[in-house]
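Participant: Here it is: the structure, laid out below.
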Amino acid sequence: MAQALRPNTAGGLFATDGKSHPIQDTLLAVTLVLGVTAFVTGFFHDLHLLSSWAGLVGILTGAYGQWISETTRERFGLILGLGASGVGFFLGMAHGGLFGGVIGG
């Protein structure tokens, strides 16, 4: 039972297997930042270009991150980022879309 009392000092913040996952952690951070950006800007009608593009890129990075993720903690953060990206993307699409007002006005 002594193993249960030792702290886990190896690996990163989201690595529960004791290994470092720099690519997965980077995708997690990018997805979360894009998700928060898309979610917040999705509530402003004039920022539909930013919210729709940030949401779309956040969905793509989050999906790839889910595909290569190795731990549950990484997947949990990616799901939060994917959800925020999806909401921001759809709000941005509802307010004008990816190219609304730019092409053919």
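Chains: A, B, ... in order of the structure tokens. Residues: from 1 per chain. Ligands: from 1, in order shown.
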Residues of range 12-33 of chain A that approach range 79-82 of chain A to 9 Å or less, counting only C-alpha atoms: could you list each one with the shortest pair of atoms and its distance in Å to one decimal, rows by chain and increasing residue number, as a tab-separated table?
Facilitator:
```
residue	atom	partner	partner_atom	distance
A:Leu28	CA	A:Gly81	CA	7.7
A:Ala29	CA	A:Gly81	CA	8.7
A:Val30	CA	A:Gly81	CA	8.7
A:Thr31	CA	A:Gly81	CA	5.2
A:Leu32	CA	A:Gly81	CA	4.4
A:Val33	CA	A:Gly81	CA	7.6
```
Participant: Give me the residues near His48 in chain A as a ChimeraX atom specification, where near means some atom within 7 Å (using only C-alpha atoms) and where sequence neighbours in that chain fewer than 3 positions away do not count.
Facilitator: /A:42,45,51-52,92-93,95-97
Participant: Near Ala63 in chain A, counting only C-alpha atoms, which residues have an atom at most 10 Å away, once you skip same-chain residues fewer than 2 positions from it, shown as JSON, numbers by chain?
Facilitator: {"A": [27, 31, 57, 58, 59, 60, 61, 65, 66, 67, 68, 69, 78, 79, 82]}
Participant: Could you check how far CA of Trp53 in chain A sits from CA of Glu70 in chain A, in Å to one decimal?
Facilitator: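 About the pair CA of Trp53 in chain A and CA of Glu70 in chain A: they are 27.2 Å apart.
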Participant: Record the distance separating CA of Phe39 in chain A and CA of Tyr64 in chain A, expressed in Å with one decimal.
Facilitator: 19.7 Å
Participant: Give the answer as one residue: which of A:Gly88, A:Phe99, A:Gly83, A:Glu74 has the shortest atom-to-atom distance to Ile23 in chain A, using only C-alpha atoms?
Facilitator: A:Glu74
Participant: A:Gly62, A:Asp25, A:Lys19, A:Leu34: which is nearest Leu50 in chain A, counting only C-alpha atoms?
Facilitator: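 When distances to Leu50 in chain A are compared using only C-alpha atoms, the smallest one comes from A:Leu34.
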Participant: Just list the residues in range 2-105 of chain A DSSP gives alpha helix (DSSP H) on the backbone, as a PyMOL selection string.
Facilitator: chain A and resi 22-41+48-68+72-94
Participant: Between CA of Gly35 in chain A and CA of Gly55 in chain A, measure the distance and give it in Å to one decimal.
Facilitator: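 Interatomic distance, CA of Gly35 in chain A to CA of Gly55 in chain A: 6.2 Å.
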